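Enquirer: Dumping the structure here so I can ask a few things about it.
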Amino acid sequence: MSDFIVSQNPKVETLYIPVFDDVKAAHQRIKPYIHRTPVLTSSYFNQLTGAELFFKCENFQKAGVFKARGASNAVFGLSDEQAKKGVATHSSGNHGLSLSYAAGRRGIKATVIMPHTAPEAKKEAVRAYGGEVIECEPSTAAREATLEALIEKTGADFVHPYNDHRVIAGQATCSLELVDEVGSLDAVVAPIGGGGMISGTCLTLSNISLGTKIYAAEPKNADDAYRSFHAGHIIEDDSPNTIADGLKVSLRPRTWHFVSKYVDEVLLASEEEIINAMYLTWQRMKIVIEPSCAVPLAVILKNKKLFEGRRVGVIITGGNVDLKKLPWMNP
């Protein structure tokens with residue numbers, strides 16, 4: 001077990017940092033509720049990049065996104081007494097719908113605070129899984145204030161989208177499966193927003209694949225993780241403007257612990273590069289992925305020399321796309 005302390009005036013909060021035993025326990029706990037998603041390859045992308053790419057396809061996951069892993073670990077780790085009060089979170093979509101999915105499997109209530117600008121497809125998905133949506137203004141401050149009032153009223157367990165040790169341990173099972181299936185990798189590239197997936201990736205690889213480089217992929221229009229990484233402390237951006245809606249949030253203490261310690265570099269992609277990678281994936285691999293999930297491929301295409309000749313894992317984090325509003329369509 002590992003703890004570190006972050007000062008949050010006027011109180012000091014002790015944060016539990018998950019360890020590899022938590023990942024192994026999470027994998028066993030969530031097995032009945034998730035898919036072991038496929039790893040796909042593409043001769044086209046291998047030729048285009050000069051690398052051997054292995055795409056871990058969480059777009060085929062339950063709820064259509066990797067976040068079903070962390071949400072299921074949190075929900076099914078609750079005591080019966082706490083579960084009766086339900087769970088709550090704030091989310092732009094994927095964590096909220098994943099938490100609603102997991103809560104539905106356990107038969108408890110889930111409430112999700114969502115910005116009114118969140119994709120309608122994701123709001124509808126939350127409701128379809130049985131969750132309740134409460135809308136708020138599109139800023140981190142608005143999300144957190146609305147959620148705090150809800151929890152004070154209901155006593156629901158707050159499952160943070162990424163700054164939660166249960167969530168990070170659950171997300172870490174993704175890279176655990178990837179390495180188990182394809183063997184050693186020279187590098188793994190995953191998206192970064194709040195840092196739940198990249199933290200889980202760091203947690204797993206730092207224990208079972210020490211020689212693997214870890215790259216975080218981020219939109220240039222929401223580059224707070226890049227700036228944080230190079231400044232040596234968390235820099236927040238309350239409401240960035242990017243098509244990658246799942247990557248608009250900022251790092252938090254637990255995820256910063258992993259990013260600052262294990263990530264080799266944060267690589268950036270423009271909006272055009274993200275859309276192009278999304279389109280190419282649809283065209284060449286015949287799978288639909290979200291803009292947020294296209295960022296890793298976008299940075300690999302942009303930095304070919306960095307990855308040339310290497311075995312590279314690429315985490316495709318989800319596929320919950322509004323098919324009526326694909327970004328390359330005419331408005």
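The way I read the labels, and the way they are meant: chains A, B, ... in the order of the structure tokens, residue 1 as the first residue of every chain, and ligand 1 as the first ligand shown, with later ones counted on from there.
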From a DSSP pass on the backbone, collect the residues of stretch 102-261 of chain A flagged as strand (DSSP E) and hand them back as an NGL selection string.
Expert: :A and (110-115 or 132-136 or 157-158 or 187-191 or 213-219)
Enquirer: Could the residues in this selection be written to a file with N, CA and C atoms, as a CSV table (one decimal), in the first residue's frame?
Expert:
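Final output, saved to again_25.csv:
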chain,number,residue,atom,x,y,z
A,110,ALA,N,-27.6,5.6,-10.0
A,110,ALA,CA,-26.5,6.4,-10.5
A,110,ALA,C,-27.0,7.8,-10.9
A,111,THR,N,-26.4,8.9,-10.5
A,111,THR,CA,-26.7,10.2,-10.9
A,111,THR,C,-25.5,10.9,-11.5
A,112,VAL,N,-25.6,11.5,-12.7
A,112,VAL,CA,-24.5,12.0,-13.4
A,112,VAL,C,-24.7,13.5,-13.6
A,113,ILE,N,-23.8,14.3,-13.2
A,113,ILE,CA,-23.8,15.8,-13.5
A,113,ILE,C,-23.0,15.9,-14.8
A,114,MET,N,-23.7,16.5,-15.8
A,114,MET,CA,-23.2,16.7,-17.1
A,114,MET,C,-23.3,18.1,-17.6
A,115,PRO,N,-22.2,18.6,-18.3
A,115,PRO,CA,-22.4,19.9,-18.9
A,115,PRO,C,-23.4,19.9,-20.0
A,132,GLU,N,-29.5,8.9,-14.0
A,132,GLU,CA,-30.2,10.2,-14.0
A,132,GLU,C,-29.2,11.3,-14.4
A,133,VAL,N,-29.6,12.2,-15.3
A,133,VAL,CA,-28.7,13.3,-15.8
A,133,VAL,C,-29.2,14.6,-15.1
A,134,ILE,N,-28.2,15.3,-14.5
A,134,ILE,CA,-28.5,16.7,-14.1
A,134,ILE,C,-27.5,17.5,-14.8
A,135,GLU,N,-28.0,18.5,-15.6
A,135,GLU,CA,-27.2,19.3,-16.4
A,135,GLU,C,-26.6,20.6,-15.7
A,136,CYS,N,-25.5,21.0,-16.1
A,136,CYS,CA,-24.8,22.2,-15.5
A,136,CYS,C,-24.1,23.0,-16.5
A,157,ASP,N,-22.2,7.7,-3.0
A,157,ASP,CA,-20.7,7.6,-3.1
A,157,ASP,C,-20.2,8.3,-4.4
A,158,PHE,N,-19.3,9.2,-4.2
A,158,PHE,CA,-18.7,9.9,-5.3
A,158,PHE,C,-17.6,9.0,-6.0
A,187,ALA,N,6.8,0.7,-26.7
A,187,ALA,CA,6.1,1.9,-26.3
A,187,ALA,C,4.6,1.6,-26.2
A,188,VAL,N,3.9,2.4,-25.4
A,188,VAL,CA,2.4,2.4,-25.4
A,188,VAL,C,2.0,3.9,-25.4
A,189,VAL,N,1.0,4.2,-26.3
A,189,VAL,CA,0.5,5.6,-26.4
A,189,VAL,C,-1.0,5.5,-26.0
A,190,ALA,N,-1.4,6.4,-25.1
A,190,ALA,CA,-2.7,6.5,-24.6
A,190,ALA,C,-3.1,8.0,-24.5
A,191,PRO,N,-4.4,8.3,-24.7
A,191,PRO,CA,-4.9,9.7,-24.5
A,191,PRO,C,-4.7,10.2,-23.1
A,213,LYS,N,8.3,2.4,-23.0
A,213,LYS,CA,8.1,3.9,-22.9
A,213,LYS,C,6.6,4.2,-22.9
A,214,ILE,N,6.3,5.2,-22.2
A,214,ILE,CA,4.8,5.6,-22.0
A,214,ILE,C,4.7,7.0,-22.6
A,215,TYR,N,3.8,7.1,-23.6
A,215,TYR,CA,3.6,8.4,-24.2
A,215,TYR,C,2.1,8.8,-24.0
A,216,ALA,N,1.9,10.0,-23.5
A,216,ALA,CA,0.5,10.5,-23.4
A,216,ALA,C,0.2,11.4,-24.6
A,217,ALA,N,-1.0,11.2,-25.2
A,217,ALA,CA,-1.4,12.0,-26.4
A,217,ALA,C,-2.5,13.0,-26.0
A,218,GLU,N,-2.3,14.2,-26.4
A,218,GLU,CA,-3.2,15.3,-25.9
A,218,GLU,C,-3.5,16.2,-27.1
A,219,PRO,N,-4.8,16.8,-27.1
A,219,PRO,CA,-5.1,17.8,-28.1
A,219,PRO,C,-4.3,19.1,-27.9
Enquirer: Any chance you could list, as number ranges by chain, the residues in stretch 132-228 of chain A that come up helix (DSSP H, G or I) when DSSP is run on the backbone?
Expert: A: 140-154, 165-182, 196-208, 220-222, 224-228
Enquirer: Could you write those residues out with N, CA and C atoms, as a compact mmCIF listing (two decimals), in the first residue's frame?
Expert:
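Saved as selection.txt:
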# COMPACT_ATOMS: atom_id res chain seq x y z
N THR A 140 -15.43 23.02 -15.04
CA THR A 140 -15.12 22.11 -13.93
C THR A 140 -15.72 22.62 -12.63
N ALA A 141 -15.65 23.92 -12.42
CA ALA A 141 -16.19 24.50 -11.19
C ALA A 141 -17.69 24.25 -11.06
N ALA A 142 -18.42 24.40 -12.16
CA ALA A 142 -19.87 24.18 -12.14
C ALA A 142 -20.20 22.71 -11.87
N ARG A 143 -19.45 21.81 -12.50
CA ARG A 143 -19.66 20.38 -12.28
C ARG A 143 -19.50 20.03 -10.80
N GLU A 144 -18.39 20.50 -10.23
CA GLU A 144 -18.06 20.11 -8.87
C GLU A 144 -19.02 20.70 -7.86
N ALA A 145 -19.46 21.94 -8.07
CA ALA A 145 -20.41 22.57 -7.15
C ALA A 145 -21.76 21.86 -7.17
N THR A 146 -22.22 21.50 -8.37
CA THR A 146 -23.51 20.80 -8.50
C THR A 146 -23.44 19.43 -7.85
N LEU A 147 -22.34 18.74 -8.06
CA LEU A 147 -22.17 17.42 -7.49
C LEU A 147 -22.10 17.47 -5.97
N GLU A 148 -21.37 18.43 -5.44
CA GLU A 148 -21.23 18.55 -3.99
C GLU A 148 -22.58 18.71 -3.31
N ALA A 149 -23.45 19.52 -3.90
CA ALA A 149 -24.79 19.71 -3.35
C ALA A 149 -25.59 18.41 -3.39
N LEU A 150 -25.46 17.66 -4.46
CA LEU A 150 -26.17 16.40 -4.59
C LEU A 150 -25.73 15.39 -3.54
N ILE A 151 -24.42 15.25 -3.35
CA ILE A 151 -23.89 14.27 -2.40
C ILE A 151 -24.28 14.64 -0.97
N GLU A 152 -24.25 15.93 -0.67
CA GLU A 152 -24.65 16.37 0.66
C GLU A 152 -26.11 15.99 0.94
N LYS A 153 -26.93 16.03 -0.09
CA LYS A 153 -28.35 15.72 0.05
C LYS A 153 -28.63 14.22 0.11
N THR A 154 -27.91 13.42 -0.69
CA THR A 154 -28.24 12.01 -0.84
C THR A 154 -27.30 11.04 -0.13
N HIS A 165 -8.74 5.99 -6.68
CA HIS A 165 -7.84 4.84 -6.76
C HIS A 165 -8.53 3.61 -7.33
N ARG A 166 -9.84 3.47 -7.08
CA ARG A 166 -10.60 2.33 -7.62
C ARG A 166 -10.71 2.42 -9.13
N VAL A 167 -10.92 3.63 -9.62
CA VAL A 167 -11.04 3.86 -11.06
C VAL A 167 -9.70 3.62 -11.77
N ILE A 168 -8.62 4.15 -11.21
CA ILE A 168 -7.30 3.96 -11.81
C ILE A 168 -6.93 2.48 -11.87
N ALA A 169 -7.19 1.74 -10.79
CA ALA A 169 -6.89 0.31 -10.77
C ALA A 169 -7.70 -0.43 -11.83
N GLY A 170 -8.96 -0.02 -12.00
CA GLY A 170 -9.79 -0.63 -13.03
C GLY A 170 -9.27 -0.35 -14.43
N GLN A 171 -8.89 0.91 -14.68
CA GLN A 171 -8.37 1.26 -16.02
C GLN A 171 -7.06 0.53 -16.31
N ALA A 172 -6.30 0.25 -15.27
CA ALA A 172 -5.01 -0.42 -15.44
C ALA A 172 -5.16 -1.82 -16.02
N THR A 173 -6.34 -2.42 -15.88
CA THR A 173 -6.53 -3.77 -16.41
C THR A 173 -6.48 -3.80 -17.93
N CYS A 174 -6.68 -2.66 -18.58
CA CYS A 174 -6.63 -2.59 -20.04
C CYS A 174 -5.23 -2.92 -20.55
N SER A 175 -4.22 -2.25 -20.04
CA SER A 175 -2.84 -2.51 -20.47
C SER A 175 -2.35 -3.86 -19.97
N LEU A 176 -2.91 -4.34 -18.86
CA LEU A 176 -2.58 -5.68 -18.38
C LEU A 176 -2.96 -6.72 -19.43
N GLU A 177 -4.15 -6.59 -19.99
CA GLU A 177 -4.61 -7.50 -21.04
C GLU A 177 -3.79 -7.34 -22.31
N LEU A 178 -3.45 -6.10 -22.65
CA LEU A 178 -2.68 -5.83 -23.87
C LEU A 178 -1.34 -6.55 -23.84
N VAL A 179 -0.61 -6.38 -22.76
CA VAL A 179 0.71 -7.01 -22.65
C VAL A 179 0.58 -8.53 -22.59
N ASP A 180 -0.43 -9.01 -21.91
CA ASP A 180 -0.66 -10.46 -21.82
C ASP A 180 -0.88 -11.06 -23.20
N GLU A 181 -1.54 -10.30 -24.08
CA GLU A 181 -1.87 -10.83 -25.41
C GLU A 181 -0.73 -10.70 -26.41
N VAL A 182 -0.04 -9.56 -26.43
CA VAL A 182 0.94 -9.32 -27.50
C VAL A 182 2.39 -9.40 -27.04
N GLY A 196 -6.89 9.27 -16.05
CA GLY A 196 -7.23 7.97 -15.50
C GLY A 196 -6.63 6.81 -16.28
N MET A 197 -6.79 6.83 -17.60
CA MET A 197 -6.24 5.74 -18.42
C MET A 197 -4.72 5.76 -18.43
N ILE A 198 -4.12 6.93 -18.60
CA ILE A 198 -2.66 6.96 -18.64
C ILE A 198 -2.07 6.56 -17.30
N SER A 199 -2.76 6.90 -16.20
CA SER A 199 -2.29 6.50 -14.87
C SER A 199 -2.36 4.99 -14.72
N GLY A 200 -3.47 4.40 -15.16
CA GLY A 200 -3.58 2.95 -15.12
C GLY A 200 -2.52 2.27 -15.97
N THR A 201 -2.24 2.86 -17.12
CA THR A 201 -1.19 2.34 -18.00
C THR A 201 0.16 2.38 -17.31
N CYS A 202 0.44 3.51 -16.67
CA CYS A 202 1.69 3.65 -15.91
C CYS A 202 1.78 2.63 -14.79
N LEU A 203 0.68 2.44 -14.08
CA LEU A 203 0.65 1.52 -12.95
C LEU A 203 0.98 0.10 -13.40
N THR A 204 0.37 -0.34 -14.48
CA THR A 204 0.62 -1.70 -14.96
C THR A 204 2.02 -1.85 -15.54
N LEU A 205 2.39 -0.96 -16.46
CA LEU A 205 3.67 -1.13 -17.15
C LEU A 205 4.87 -0.96 -16.24
N SER A 206 4.74 -0.12 -15.22
CA SER A 206 5.86 0.07 -14.28
C SER A 206 6.08 -1.16 -13.42
N ASN A 207 5.13 -2.09 -13.46
CA ASN A 207 5.27 -3.33 -12.70
C ASN A 207 5.58 -4.54 -13.55
N ILE A 208 5.09 -4.57 -14.80
CA ILE A 208 5.28 -5.79 -15.60
C ILE A 208 6.07 -5.58 -16.89
N LYS A 220 -3.77 19.69 -28.93
CA LYS A 220 -3.04 20.96 -28.77
C LYS A 220 -3.94 22.03 -28.19
N ASN A 221 -5.24 21.97 -28.47
CA ASN A 221 -6.19 22.96 -27.97
C ASN A 221 -6.57 22.75 -26.51
N ALA A 222 -6.10 21.65 -25.93
CA ALA A 222 -6.37 21.37 -24.51
C ALA A 222 -5.09 20.80 -23.90
N ASP A 224 -3.18 21.32 -21.26
CA ASP A 224 -2.80 21.58 -19.87
C ASP A 224 -1.91 20.47 -19.30
N ALA A 225 -2.10 19.22 -19.73
CA ALA A 225 -1.22 18.14 -19.25
C ALA A 225 0.20 18.32 -19.79
N TYR A 226 0.30 18.74 -21.04
CA TYR A 226 1.62 19.03 -21.63
C TYR A 226 2.32 20.14 -20.84
N ARG A 227 1.58 21.20 -20.57
CA ARG A 227 2.16 22.32 -19.83
C ARG A 227 2.49 21.92 -18.39
N SER A 228 1.64 21.11 -17.80
CA SER A 228 1.90 20.62 -16.44
C SER A 228 3.16 19.76 -16.41
Enquirer: Counting only C-alpha atoms, give me one row per residue of stretch 244-312 of chain A with an atom at most 6 Å from an atom of stretch 46-64 of chain A, showing the shortest contact pair and its distance in Å to one decimal, sorted by chain then residue number, as CSV.
Expert:
residue,atom,partner,partner_atom,distance
A:Lys304,CA,A:Thr49,CA,5.5
A:Phe307,CA,A:Ala51,CA,5.9
A:Glu308,CA,A:Gly50,CA,4.7
A:Gly309,CA,A:Ala51,CA,4.8
A:Arg310,CA,A:Ala51,CA,5.2
A:Arg311,CA,A:Glu52,CA,4.8
A:Val312,CA,A:Leu53,CA,4.9
Enquirer: So which one's closest to A:Leu268, A:Ala231, A:Ile17, A:Ala298, A:Leu251? Using only C-alpha atoms, please.
Expert: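 Going through A:Ala231, A:Ile17, A:Ala298, A:Leu251 one by one, the smallest distance to A:Leu268 is for A:Ala298.
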Enquirer: Name all residues at most 10 Å from A:Ile243 (count only C-alpha atoms; drop same-chain ones fewer than 3 positions away) and give them as a count of residues only.
Expert: 16
Enquirer: Using Å and a single decimal, report how far atom CA of A:Tyr262 sits from atom CA of A:His230.
Expert: 13.5 Å
Enquirer: In Å to one decimal, how far is atom CA of A:Gly211 from atom CA of A:Asn73?
Expert: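 Between these atoms lies a distance of 27.8 Å.
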Enquirer: Pick the closest to A:Asn163 from A:Leu15, A:Leu323, A:Ala244, A:Ile30: which is it, counting only C-alpha atoms?
Expert: A:Leu15
Enquirer: Could you jot down the atom CA of A:Pro32 to atom CA of A:Tyr101 separation for me, Å, one decimal place?
Expert: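 Taking atom CA of A:Pro32 as the start and atom CA of A:Tyr101 as the end point, the length is 13.0 Å.
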